[in-house]
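Enquirer: coords12.cif (mmCIF, C-alpha atoms) pasted underneath:
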data_entry
#
loop_
_atom_site.label_atom_id
_atom_site.label_comp_id
_atom_site.auth_asym_id
_atom_site.auth_seq_id
_atom_site.Cartn_x
_atom_site.Cartn_y
_atom_site.Cartn_z
CA MET A 1 16.31 -37.41 20.10
CA ASN A 2 15.51 -40.91 18.73
CA ALA A 3 12.84 -41.84 16.23
CA TYR A 4 10.38 -42.77 18.97
CA SER A 5 10.80 -39.64 21.08
CA THR A 6 7.65 -37.70 21.96
CA GLU A 7 9.58 -34.43 22.21
CA THR A 8 8.70 -31.72 19.71
CA ALA A 9 10.68 -28.81 18.37
CA PRO A 10 9.83 -25.51 20.11
CA THR A 11 7.37 -23.32 18.23
CA SER A 12 7.89 -20.19 20.31
CA SER A 13 10.56 -18.44 22.33
CA ILE A 14 9.04 -16.09 24.86
CA GLU A 15 12.56 -15.20 25.99
CA ALA A 16 13.59 -14.09 22.48
CA GLU A 17 10.41 -12.02 22.12
CA GLN A 18 11.03 -10.40 25.50
CA SER A 19 14.64 -9.67 24.55
CA VAL A 20 13.59 -7.95 21.33
CA LEU A 21 10.88 -5.85 22.98
CA GLY A 22 13.10 -5.05 25.97
CA ALA A 23 15.94 -3.84 23.74
CA ILE A 24 13.58 -1.56 21.84
CA LEU A 25 12.08 -0.12 25.03
CA ALA A 26 15.48 0.46 26.62
CA HIS A 27 17.77 1.57 23.79
CA ASP A 28 17.38 4.32 21.19
CA GLY A 29 17.72 3.04 17.65
CA ALA A 30 17.03 -0.61 18.48
CA PHE A 31 13.76 -0.58 16.58
CA ASP A 32 15.57 0.62 13.44
CA GLN A 33 17.62 -2.59 13.54
CA VAL A 34 14.63 -4.95 13.45
CA GLY A 35 11.70 -2.87 12.17
CA ASP A 36 12.11 -4.35 8.69
CA MET A 37 12.35 -7.93 10.00
CA LEU A 38 9.26 -8.41 12.13
CA THR A 39 5.52 -7.78 12.16
CA ALA A 40 2.96 -8.36 14.91
CA ALA A 41 2.07 -11.74 13.34
CA HIS A 42 5.54 -13.10 14.15
CA PHE A 43 4.97 -12.93 17.93
CA ALA A 44 3.55 -16.00 19.65
CA THR A 45 1.56 -14.20 22.35
CA ARG A 46 -1.18 -11.63 21.86
CA ASP A 47 0.26 -9.24 24.45
CA HIS A 48 3.66 -9.18 22.73
CA ALA A 49 1.99 -8.67 19.35
CA THR A 50 0.00 -5.74 20.76
CA ILE A 51 3.13 -4.19 22.29
CA TRP A 52 4.94 -4.54 18.93
CA THR A 53 2.06 -2.93 17.04
CA THR A 54 2.10 -0.02 19.49
CA ILE A 55 5.87 0.39 19.12
CA ALA A 56 5.62 0.32 15.32
CA GLY A 57 2.85 2.92 15.41
CA LEU A 58 4.90 5.28 17.57
CA ALA A 59 7.95 4.81 15.33
CA ALA A 60 5.90 5.46 12.19
CA ALA A 61 4.65 8.69 13.74
CA ARG A 62 8.26 9.61 14.64
CA ARG A 63 7.42 9.69 18.33
CA PRO A 64 9.85 8.52 21.03
CA VAL A 65 9.73 4.82 21.82
CA ASP A 66 10.38 3.77 25.41
CA ALA A 67 8.54 2.00 28.22
CA LEU A 68 6.69 5.16 29.26
CA THR A 69 5.48 6.23 25.80
CA VAL A 70 4.42 2.69 24.93
CA HIS A 71 2.54 2.36 28.22
CA GLU A 72 0.74 5.66 27.62
CA ALA A 73 -0.24 4.60 24.08
CA LEU A 74 -1.52 1.24 25.34
CA ARG A 75 -3.43 2.93 28.16
CA ASP A 76 -5.06 5.38 25.75
CA ARG A 77 -6.49 2.38 23.88
CA GLY A 78 -7.43 0.48 27.03
CA GLN A 79 -4.89 -2.26 26.30
CA ASP A 80 -2.31 -1.65 29.01
CA GLU A 81 -3.62 -4.14 31.59
CA ALA A 82 -4.00 -6.90 28.99
CA CYS A 83 -0.30 -6.42 28.19
CA GLY A 84 0.89 -6.64 31.78
CA GLY A 85 0.66 -2.96 32.65
CA TRP A 86 3.50 -0.63 33.52
CA SER A 87 5.28 -3.21 35.66
CA TYR A 88 5.74 -5.65 32.76
CA LEU A 89 6.99 -2.97 30.35
CA ALA A 90 9.40 -1.66 32.96
CA GLN A 91 10.61 -5.20 33.60
CA LEU A 92 11.24 -5.76 29.88
CA ALA A 93 13.25 -2.54 29.61
CA ALA A 94 15.24 -3.19 32.79
CA SER A 95 16.23 -6.69 31.66
CA SER A 96 17.97 -5.38 28.51
CA LEU A 97 21.58 -4.35 29.01
CA THR A 98 22.47 -3.88 25.33
CA SER A 99 20.89 -3.84 21.88
CA ARG A 100 23.81 -5.55 20.16
CA SER A 101 22.00 -8.91 19.96
CA VAL A 102 18.58 -7.61 18.98
CA ARG A 103 18.77 -8.81 15.35
CA ARG A 104 19.92 -12.27 16.43
CA HIS A 105 17.02 -12.51 18.87
CA ALA A 106 14.64 -11.27 16.17
CA ALA A 107 15.92 -14.08 13.92
CA VAL A 108 14.94 -16.57 16.65
CA VAL A 109 11.45 -15.05 16.75
CA LEU A 110 11.21 -15.51 12.98
CA GLU A 111 12.44 -19.11 13.19
CA ARG A 112 9.83 -19.98 15.82
CA PHE A 113 7.14 -18.32 13.70
CA ALA A 114 8.19 -20.49 10.76
CA ALA A 115 7.94 -23.56 13.03
CA ARG A 116 4.40 -22.59 14.06
CA THR A 117 3.45 -22.03 10.45
CA LEU A 118 4.74 -25.51 9.58
CA MET A 119 2.75 -27.06 12.44
CA HIS A 120 -0.43 -25.31 11.32
CA ALA A 121 0.16 -26.49 7.76
CA ALA A 122 0.64 -30.07 9.00
CA GLU A 123 -2.61 -29.89 10.96
CA HIS A 124 -4.38 -28.53 7.89
CA ALA A 125 -2.93 -31.37 5.83
CA LEU A 126 -4.34 -33.89 8.31
CA ASP A 127 -7.76 -32.24 8.06
CA ILE A 128 -7.56 -32.54 4.27
CA ALA A 129 -6.50 -36.20 4.49
CA ARG A 130 -9.41 -37.04 6.80
CA GLY A 131 -11.97 -35.12 4.75
CA GLN A 132 -14.10 -36.02 1.77
CA GLY A 133 -12.79 -36.36 -1.77
CA SER A 134 -10.55 -38.56 -3.84
CA VAL A 135 -7.05 -39.46 -2.74
CA GLY A 136 -5.59 -37.77 -5.81
CA ASP A 137 -7.38 -34.52 -5.06
CA LYS A 138 -6.20 -34.64 -1.45
CA VAL A 139 -2.61 -35.24 -2.51
CA ASP A 140 -2.76 -32.27 -4.90
CA ARG A 141 -4.12 -29.97 -2.19
CA ILE A 142 -1.59 -31.09 0.40
CA THR A 143 1.28 -30.84 -2.09
CA SER A 144 0.21 -27.32 -3.02
CA LEU A 145 0.00 -26.41 0.66
CA PHE A 146 3.55 -27.46 1.46
CA SER A 147 4.97 -26.20 -1.83
CA GLY A 148 3.73 -22.73 -0.97
CA LEU A 149 5.31 -22.99 2.46
CA GLN A 150 8.60 -24.13 0.95
CA ARG A 151 8.62 -21.27 -1.55
CA GLU A 152 8.17 -18.80 1.29
CA GLN A 153 11.14 -20.23 3.16
CA VAL A 154 13.46 -20.17 0.14
CA ARG A 155 11.92 -17.28 -1.75
CA LYS A 156 15.31 -15.79 -2.60
CA ALA A 157 16.79 -18.99 -4.01
CA PRO A 158 17.09 -19.39 -7.79
CA ARG A 159 14.27 -21.42 -9.31
CA ALA A 160 14.12 -23.62 -12.41
CA ILE A 161 12.13 -22.26 -15.34
CA ALA A 162 10.30 -25.60 -15.54
CA ASP A 163 8.87 -25.06 -12.03
CA LEU A 164 7.91 -21.48 -12.81
CA ALA A 165 6.27 -22.49 -16.09
CA ALA A 166 4.21 -25.17 -14.34
CA GLU A 167 2.95 -22.59 -11.87
CA ARG A 168 2.12 -20.17 -14.65
CA ILE A 169 0.04 -22.82 -16.44
CA GLU A 170 -2.08 -23.10 -13.29
CA GLU A 171 -2.39 -19.30 -13.28
CA TYR A 172 -3.48 -19.23 -16.93
CA GLU A 173 -6.09 -21.93 -16.32
CA ALA A 174 -7.47 -20.10 -13.28
CA LEU A 175 -7.78 -16.92 -15.34
CA ALA A 176 -9.47 -18.77 -18.19
CA ASP A 177 -11.93 -20.42 -15.79
CA GLY A 178 -12.76 -17.12 -14.12
CA LYS A 179 -11.36 -18.26 -10.78
CA LYS A 180 -8.90 -15.35 -10.70
CA VAL A 181 -8.93 -11.81 -12.05
CA ALA A 182 -6.25 -10.51 -14.40
CA GLY A 183 -5.65 -7.42 -12.29
CA TRP A 184 -7.25 -5.12 -9.75
CA SER A 185 -9.75 -3.00 -11.65
CA THR A 186 -9.37 0.78 -11.75
CA ARG A 187 -12.96 1.09 -13.07
CA ILE A 188 -11.61 3.23 -15.91
CA PRO A 189 -12.25 0.93 -18.92
CA ALA A 190 -9.44 2.26 -21.13
CA LEU A 191 -6.92 2.12 -18.29
CA ASN A 192 -7.92 -1.46 -17.49
CA ARG A 193 -7.38 -2.40 -21.16
CA TRP A 194 -3.91 -0.85 -21.24
CA LEU A 195 -3.00 -2.64 -18.02
CA ASN A 196 -4.46 -5.97 -19.19
CA GLY A 197 -7.03 -6.05 -16.41
CA GLY A 198 -5.81 -3.54 -13.84
CA VAL A 199 -2.97 -2.90 -11.40
CA ARG A 200 -0.95 -5.84 -10.12
CA PRO A 201 1.03 -6.71 -6.99
CA GLY A 202 4.76 -6.07 -7.18
CA ALA A 203 4.45 -3.20 -9.65
CA LEU A 204 5.19 0.52 -9.29
CA TYR A 205 2.82 2.93 -11.05
CA MET A 206 3.66 6.60 -11.51
CA LEU A 207 0.85 9.11 -11.98
CA ALA A 208 2.29 12.50 -12.98
CA ALA A 209 0.78 15.91 -13.71
CA ARG A 210 1.32 19.62 -13.19
CA PRO A 211 -0.12 21.10 -9.96
CA GLY A 212 -3.87 21.67 -9.93
CA ILE A 213 -4.77 19.12 -12.61
CA GLY A 214 -6.30 16.67 -10.13
CA LYS A 215 -3.84 13.83 -9.64
CA SER A 216 -4.59 13.61 -5.89
CA SER A 217 -8.33 13.51 -6.54
CA PHE A 218 -7.98 10.92 -9.31
CA SER A 219 -5.69 8.66 -7.28
CA GLN A 220 -8.01 8.93 -4.28
CA GLN A 221 -10.95 7.76 -6.40
CA LEU A 222 -8.84 4.82 -7.59
CA GLY A 223 -8.07 3.99 -3.96
CA MET A 224 -11.76 4.12 -3.03
CA HIS A 225 -12.59 1.75 -5.90
CA PHE A 226 -9.87 -0.70 -4.84
CA ALA A 227 -11.15 -0.64 -1.26
CA ALA A 228 -14.75 -1.12 -2.46
CA ASP A 229 -13.53 -4.30 -4.20
CA GLY A 230 -12.23 -5.57 -0.85
CA LEU A 231 -8.57 -4.61 -1.34
CA PRO A 232 -7.06 -2.99 1.79
CA THR A 233 -5.69 0.34 0.57
CA LEU A 234 -3.46 2.92 2.25
CA PHE A 235 -3.46 6.54 1.05
CA LEU A 236 -0.43 8.50 2.29
CA SER A 237 -1.38 12.16 1.91
CA GLN A 238 1.70 14.29 2.52
CA GLU A 239 0.06 17.46 1.17
CA MET A 240 -3.61 17.38 2.20
CA ALA A 241 -4.84 16.95 5.77
CA ASP A 242 -6.72 13.73 6.46
CA THR A 243 -9.89 15.78 7.05
CA GLU A 244 -9.67 17.17 3.51
CA VAL A 245 -9.19 13.66 2.13
CA ALA A 246 -12.27 12.57 4.07
CA ASP A 247 -14.33 15.50 2.72
CA ARG A 248 -13.35 14.61 -0.84
CA ALA A 249 -14.25 10.97 -0.22
CA VAL A 250 -17.72 11.93 1.04
CA ALA A 251 -18.29 14.21 -1.95
CA ASN A 252 -17.20 11.47 -4.35
CA SER A 253 -19.11 8.63 -2.72
CA GLY A 254 -22.32 10.57 -2.11
CA ARG A 255 -22.18 12.75 -5.26
CA VAL A 256 -22.52 15.69 -2.90
CA SER A 257 -21.20 19.20 -3.53
CA TYR A 258 -17.71 19.52 -2.04
CA SER A 259 -18.24 23.23 -1.46
CA GLY A 260 -21.58 22.43 0.17
CA LEU A 261 -19.86 20.08 2.59
CA LEU A 262 -17.33 22.75 3.54
CA THR A 263 -19.96 25.45 4.08
CA GLY A 264 -22.80 23.30 5.41
CA LYS A 265 -25.13 24.82 2.82
CA MET A 266 -26.92 21.68 1.66
CA GLU A 267 -30.48 20.70 0.87
CA ARG A 268 -32.28 17.86 2.61
CA GLU A 269 -31.48 15.51 -0.29
CA ASP A 270 -27.78 16.40 0.06
CA TRP A 271 -27.86 15.52 3.75
CA ALA A 272 -29.48 12.18 2.93
CA ARG A 273 -26.78 11.37 0.35
CA THR A 274 -24.09 12.47 2.81
CA THR A 275 -25.44 10.04 5.41
CA GLU A 276 -25.50 7.23 2.85
CA ALA A 277 -21.93 8.07 1.84
CA MET A 278 -20.79 7.92 5.46
CA GLU A 279 -22.36 4.49 5.88
CA SER A 280 -20.76 3.26 2.65
CA LEU A 281 -17.31 4.60 3.53
CA ALA A 282 -17.48 3.00 6.97
CA THR A 283 -17.36 -0.44 5.34
CA LEU A 284 -14.27 0.22 3.20
CA PRO A 285 -10.80 -1.11 4.10
CA LEU A 286 -9.40 2.32 3.23
CA PHE A 287 -6.77 3.89 5.49
CA ILE A 288 -5.59 7.52 5.43
CA ASP A 289 -2.37 8.97 6.85
CA ASP A 290 -1.41 12.65 6.53
CA GLN A 291 2.06 12.69 8.10
CA PRO A 292 4.31 14.98 5.99
CA ALA A 293 7.88 14.43 4.80
CA LEU A 294 7.77 10.65 5.01
CA THR A 295 10.97 8.67 4.65
CA LEU A 296 11.13 5.24 3.04
CA ARG A 297 11.38 3.77 6.53
CA ASP A 298 8.19 5.62 7.52
CA ILE A 299 6.38 4.35 4.44
CA ARG A 300 7.49 0.78 5.07
CA LEU A 301 6.34 0.89 8.70
CA LYS A 302 2.97 2.38 7.83
CA ALA A 303 2.44 -0.20 5.08
CA LYS A 304 3.06 -2.99 7.58
CA LEU A 305 0.51 -1.50 10.00
CA VAL A 306 -2.36 -2.12 7.56
CA PRO A 307 -3.52 -5.76 7.76
CA GLY A 308 -3.44 -7.49 4.38
CA LEU A 309 -2.43 -4.34 2.49
CA LYS A 310 -2.85 -4.64 -1.29
CA VAL A 311 -2.56 -1.09 -2.66
CA LEU A 312 -0.37 1.77 -1.44
CA ILE A 313 -0.83 5.31 -2.80
CA VAL A 314 1.90 7.88 -2.08
CA ASP A 315 0.92 11.54 -2.61
CA TYR A 316 3.38 12.69 -3.72
CA LEU A 317 6.93 11.68 -4.64
CA GLN A 318 8.67 15.07 -4.37
CA LEU A 319 7.39 15.53 -0.79
CA THR A 320 9.00 12.28 0.36
CA ALA A 321 12.15 12.76 2.41
CA SER A 322 15.45 11.07 1.63
CA SER A 323 18.22 9.86 3.91
CA ARG A 324 20.81 11.51 1.65
CA ARG A 325 22.39 14.74 2.85
CA ASP A 326 24.48 15.69 -0.19
CA GLY A 327 21.87 17.98 -1.74
CA ASN A 328 21.65 15.93 -4.94
CA ARG A 329 17.90 16.01 -5.56
CA ASN A 330 18.05 13.61 -8.51
CA ALA A 331 19.84 11.04 -6.36
CA GLU A 332 17.31 11.60 -3.54
CA ILE A 333 14.34 10.90 -5.84
CA GLU A 334 16.15 7.89 -7.26
CA GLU A 335 16.55 6.50 -3.74
CA VAL A 336 12.82 6.91 -3.10
CA THR A 337 11.65 5.37 -6.40
CA ARG A 338 13.98 2.38 -6.02
CA GLY A 339 12.76 1.93 -2.46
CA LEU A 340 9.10 2.02 -3.50
CA LYS A 341 9.71 -0.54 -6.24
CA THR A 342 11.49 -2.81 -3.74
CA LEU A 343 8.63 -2.39 -1.28
CA ALA A 344 6.06 -3.34 -3.93
CA LYS A 345 7.89 -6.59 -4.69
CA GLU A 346 8.71 -7.40 -1.08
CA LEU A 347 5.17 -6.97 0.27
CA GLY A 348 3.38 -8.13 -2.88
CA ILE A 349 1.42 -4.89 -3.22
CA ALA A 350 0.70 -2.39 -5.97
CA VAL A 351 2.32 0.99 -5.30
CA ILE A 352 0.89 4.10 -6.97
CA ALA A 353 3.20 7.10 -6.55
CA LEU A 354 2.18 10.59 -7.64
CA SER A 355 4.79 12.86 -9.19
CA GLN A 356 5.10 16.46 -10.30
CA LEU A 357 6.06 17.50 -13.82
CA ASN A 358 8.53 20.27 -14.60
CA ARG A 359 7.51 23.58 -16.20
CA ASP A 360 8.66 22.65 -19.70
CA VAL A 361 5.23 21.24 -20.50
CA GLU A 362 3.73 24.72 -19.99
CA LYS A 363 5.89 26.13 -22.80
CA ARG A 364 4.36 23.93 -25.50
CA ASN A 365 1.14 24.54 -27.41
CA THR A 366 -0.17 21.14 -26.42
CA LYS A 367 -0.13 20.38 -22.71
CA ARG A 368 0.26 16.65 -23.25
CA PRO A 369 3.32 15.63 -21.19
CA MET A 370 6.32 13.60 -22.29
CA LEU A 371 8.60 11.36 -20.24
CA SER A 372 11.25 14.09 -20.28
CA ASP A 373 8.82 16.31 -18.32
CA LEU A 374 9.11 14.14 -15.20
CA ARG A 375 10.52 16.33 -12.48
CA ASP A 376 13.86 15.89 -10.71
CA SER A 377 15.05 12.54 -11.96
CA GLY A 378 15.13 10.06 -14.82
CA ALA A 379 14.83 7.37 -12.15
CA VAL A 380 11.09 8.07 -12.01
CA GLU A 381 10.85 6.87 -15.61
CA GLN A 382 13.38 4.10 -15.17
CA ASP A 383 12.01 2.46 -12.01
CA ALA A 384 8.29 2.67 -12.76
CA ASP A 385 6.56 -0.24 -14.47
CA VAL A 386 3.87 2.14 -15.73
CA VAL A 387 3.98 5.92 -16.18
CA LEU A 388 0.60 7.68 -16.47
CA PHE A 389 0.10 11.35 -17.28
CA LEU A 390 -2.81 13.72 -16.69
CA TRP A 391 -3.11 17.05 -18.55
CA PRO A 392 -5.82 19.68 -19.09
CA VAL A 393 -7.76 19.56 -22.36
CA ARG A 394 -10.92 21.68 -21.99
CA GLU A 395 -12.82 23.40 -19.21
CA PHE A 396 -16.58 23.90 -19.00
CA PRO A 397 -17.01 26.35 -16.08
CA LYS A 398 -20.79 26.64 -16.49
CA GLU A 399 -21.14 22.87 -16.13
CA GLY A 400 -18.58 22.61 -13.35
CA ARG A 401 -16.54 20.03 -15.21
CA ALA A 402 -13.38 19.66 -17.23
CA ILE A 403 -11.99 17.21 -19.74
CA VAL A 404 -8.60 15.92 -18.61
CA GLY A 405 -6.34 13.76 -20.75
CA LEU A 406 -5.03 10.46 -19.39
CA CYS A 407 -2.31 8.50 -21.15
CA ALA A 408 -0.04 5.54 -20.49
CA GLU A 409 3.29 6.82 -21.82
CA LYS A 410 5.34 3.89 -20.53
CA ASN A 411 3.78 0.49 -19.89
CA ARG A 412 5.66 -2.71 -19.17
CA GLN A 413 2.30 -4.27 -18.39
CA GLY A 414 0.62 -3.76 -21.76
CA ALA A 415 -0.16 -1.13 -24.35
CA ARG A 416 0.28 2.62 -24.52
CA GLY A 417 -2.75 4.79 -25.17
CA GLU A 418 -4.67 7.93 -24.29
CA VAL A 419 -8.25 8.77 -23.38
CA GLY A 420 -10.25 11.70 -22.08
CA LEU A 421 -11.68 11.83 -18.55
CA ASP A 422 -14.63 13.90 -17.40
CA PHE A 423 -13.73 15.51 -14.07
CA HIS A 424 -16.61 16.91 -12.05
CA GLY A 425 -14.75 19.06 -9.58
CA ASP A 426 -17.53 19.80 -7.10
CA THR A 427 -18.22 16.11 -6.52
CA GLN A 428 -14.61 14.99 -7.09
CA ARG A 429 -15.75 12.32 -9.54
CA TRP A 430 -13.89 11.01 -12.59
CA VAL A 431 -15.42 9.03 -15.46
CA GLU A 432 -14.16 8.05 -18.88
CA SER A 433 -15.13 10.59 -21.53
CA THR A 434 -16.24 10.09 -25.12
CA ALA A 435 -14.50 13.31 -26.16
CA ASP A 436 -11.84 13.08 -28.86
CA ILE A 437 -8.54 14.33 -27.44
CA SER A 438 -6.29 12.91 -30.15
CA ALA A 439 -5.99 16.15 -32.14
CA PRO A 440 -3.27 18.49 -30.84
CA THR A 441 -4.95 21.34 -28.98
CA ARG A 442 -4.03 23.95 -26.47
CA HIS A 443 -5.78 24.03 -23.11
CA ALA A 444 -9.19 25.50 -24.01
CA LYS A 445 -12.07 26.90 -22.02
CA GLU A 446 -15.72 26.63 -22.97
CA ASN A 447 -15.82 30.21 -24.25
CA ASP A 448 -12.91 29.47 -26.62
CA LEU A 449 -14.73 26.64 -28.39
#
Using structure tokens, write down the structure that the file contains.
Expert:
Amino acid sequence: MNAYSTETAPTSSIEAEQSVLGAILAHDGAFDQVGDMLTAAHFATRDHATIWTTIAGLAAARRPVDALTVHEALRDRGQDEACGGWSYLAQLAASSLTSRSVRRHAAVVLERFAARTLMHAAEHALDIARGQGSVGDKVDRITSLFSGLQREQVRKAPRAIADLAAERIEEYEALADGKKVAGWSTRIPALNRWLNGGVRPGALYMLAARPGIGKSSFSQQLGMHFAADGLPTLFLSQEMADTEVADRAVANSGRVSYSGLLTGKMEREDWARTTEAMESLATLPLFIDDQPALTLRDIRLKAKLVPGLKVLIVDYLQLTASSRRDGNRNAEIEEVTRGLKTLAKELGIAVIALSQLNRDVEKRNTKRPMLSDLRDSGAVEQDADVVLFLWPVREFPKEGRAIVGLCAEKNRQGARGEVGLDFHGDTQRWVESTADISAPTRHAKENDL
């Protein structure tokens, strides 16, 4: 092709997309080979993207993936005809003789996606050049546009500290000018201070407690706050049913009695607050999944199904399944924690994983946990950027509340510290307490005080 040729490089390969989808529909295990390579956004046509999303959803739910199951799933959502119907899916499956080349064809799909992204960036650059503003400002914006694209293409290549430092200066200035936030707020003031603003993408946070202290409830409230701030959040509940998670969310959002919701025994004012809570929750980018015994592959697939995911909450670590079959529980937990940390960095999300504590904490006069109380593996402590503990301090049964201690025992992101939380169990709400929990004390009830 000479310098004056009007030919352009291809920005899509329908054949490669068909080969990938056909291999998955025709051969068991083909999706496992490319599930970590592609997302729906990588496909050039809407029908192929929809078929991929359906396949990924079936795989995440551990359901069989073939032409028939995909067609049924598409038909249930009224999308089958838009995707070519049964005849097109059957044609895709029939055209695939082997799955040996599926990763190579997936690489072609990725290459064409990168070409489309480059074309879109070039068009955007032209729009900038033709728009209002000084030439210097336009050059800066266009340079930033293509620099970001280049970094994405070579994101695994070593980078000079000078380039990184220049980028960080821009970050510092944006923070100083209020154009960016330091972190994603938890709405717990002390916790935000320890974390220097809040949780951050690429980090793994461990929230650990003994059973019954409220770690699921607390993490769910955090997730609701993140979603209310516009951050798409996924809550993977391996212990509670999604209906129970929804009930707790309504109680928290509407300040309605949880027991009243379960029994239907509510006053008119309660019904009004419940309706308001429903309307508020309907606007949140909060997603719930209650599939049990998730593997790392399951978690990865589900994370990729949520558009623009920012925060992932896994409840809880010890219920997550491992691919190991040697019975070494410490090694199994280590595999999961390393995988979650990798996922946080790869997707640029904050991962909050809940963890159980061992029984040793129950043997001490004070119930405040230590890092050695983490159950099953030292990898929980090693892999986490931040380790948070919850423990019981005092109960006030007549008031329907309890004071629960919260501490940051390990914190690569900032300072260590501890604070009391007021937990109102019937409305599932958590707020920072003014109570002094610094003095060593056994778990006390109101009548003991």
Enquirer: Looking at A:Ser144, A:Thr427, A:Ser217, A:Gln18, which one is nearest to Ser96 (chain A), with distances taken over only C-alpha atoms?
Expert: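 Counting only C-alpha atoms, the residue closest to Ser96 (chain A) is A:Gln18.
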Enquirer: In Å, how far is it from CA of Val314 (chain A) to CA of Leu236 (chain A)?
Expert: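 For CA of Val314 (chain A) relative to CA of Leu236 (chain A), the distance reads 5.0 Å.
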Enquirer: Any idea what the distance is between CA of Leu357 (chain A) and CA of Ala208 (chain A)?
Expert: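 Between CA of Leu357 (chain A) and CA of Ala208 (chain A) the gap is 6.3 Å.
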Enquirer: Between A:Leu118, A:Leu305, A:Val65, A:Val386, which has the minimum distance to Leu195 (chain A) (counting all atoms listed in the file)?
Expert: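 Smallest distance to Leu195 (chain A) is found for A:Val386.
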Enquirer: For CA of Trp52 (chain A) and CA of Asp36 (chain A), quote the distance in Å rounded to one decimal.
Expert: 12.5 Å
Enquirer: Could you spell out the hits of the PyMOL selection byres ((chain A and resi 84) around 12) on the shown file, as number ranges by chain?
Expert: A: 46-48, 50-51, 71, 74-75, 78-83, 85-92
Enquirer: Run through the PyMOL selection byres ((chain A and resi 275) around 12) on the given coordinates and return the selected residues as a list of chain:residue names.
Expert: A:Val250, A:Ala251, A:Ser253, A:Gly254, A:Arg255, A:Val256, A:Leu261, A:Arg268, A:Glu269, A:Asp270, A:Trp271, A:Ala272, A:Arg273, A:Thr274, A:Glu276, A:Ala277, A:Met278, A:Glu279, A:Ser280, A:Leu281, A:Ala282
Enquirer: Evaluate the PyMOL selection byres ((chain A and resi 247-249) around 12) on the structure here and hand back the selected residues as a VMD selection string.
Expert: chain A and resid 214 216 to 225 235 240 to 246 250 to 264 274 277 to 278 280 to 282 284 286 to 288 424 to 429
Enquirer: Could you list as a list of chain:residue names every residue that has an atom within 7 Å of (5.3, -21.5, 18.6), using the file's coordinates and counting only C-alpha atoms?
Expert: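 Protein and nucleic acid residues near the point are A:Pro10, A:Thr11, A:Ser12, A:Ala44, A:Arg112, A:Phe113, A:Ala115, A:Arg116.
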Enquirer: Determine the nearest neighbour of Leu421 (chain A) from the options A:Thr320, A:Asn365, A:Thr45, A:Ile213, counting all atoms listed in the file.
Expert: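 Nearest candidate to Leu421 (chain A) out of A:Thr320, A:Asn365, A:Thr45, A:Ile213: A:Ile213.
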Enquirer: I need the residue nearest Arg100 (chain A) from this list: A:Ala60, A:Ala121, A:His27, A:Thr69. Use all atoms listed in the file for the distance.
Expert: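 With all atoms listed in the file as the atom set, the closest residue is A:His27.
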Enquirer: Let me make sure I understand: among A:Leu25, A:Arg193, A:Trp184, A:Lys304, which one has the smallest atom-to-atom distance to Gly57 (chain A) if we use all atoms listed in the file?
Expert: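 For Gly57 (chain A), the nearest of the given residues is A:Lys304.
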Enquirer: Restricting the calculation to all atoms listed in the file: of A:Ala56, A:Val34, A:Glu171, A:Lys363, which residue gets closest to Ala303 (chain A)?
Expert: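 Going through A:Ala56, A:Val34, A:Glu171, A:Lys363 one by one, the smallest distance to Ala303 (chain A) is for A:Ala56.
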Enquirer: At a cut-off of 8 Å, using all atoms listed in the file, what residues contact Arg375 (chain A)? Leave out same-chain residues fewer than 6 positions from it and give the result as a VMD selection string.
Expert: chain A and resid 355 to 358
Enquirer: Pick out the residues sitting within 10 Å of Glu346 (chain A), and hand them over as a PyMOL selection string; count all atoms listed in the file, and ignore anything fewer than 5 positions along from it in its own chain.
Expert: chain A and resi 201-202+340-341
Enquirer: Keeping only C-alpha atoms, write the selected residues to a file as a short mmCIF file (atom, residue, chain, number, x, y, z; two decimals), in the coordinates of the input.
Expert:
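Heads up, here's the output in part.cif:
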data_model
loop_
_atom_site.label_atom_id
_atom_site.label_comp_id
_atom_site.auth_asym_id
_atom_site.auth_seq_id
_atom_site.Cartn_x
_atom_site.Cartn_y
_atom_site.Cartn_z
CA PRO A 201 1.03 -6.71 -6.99
CA GLY A 202 4.76 -6.07 -7.18
CA LEU A 340 9.10 2.02 -3.50
CA LYS A 341 9.71 -0.54 -6.24
#
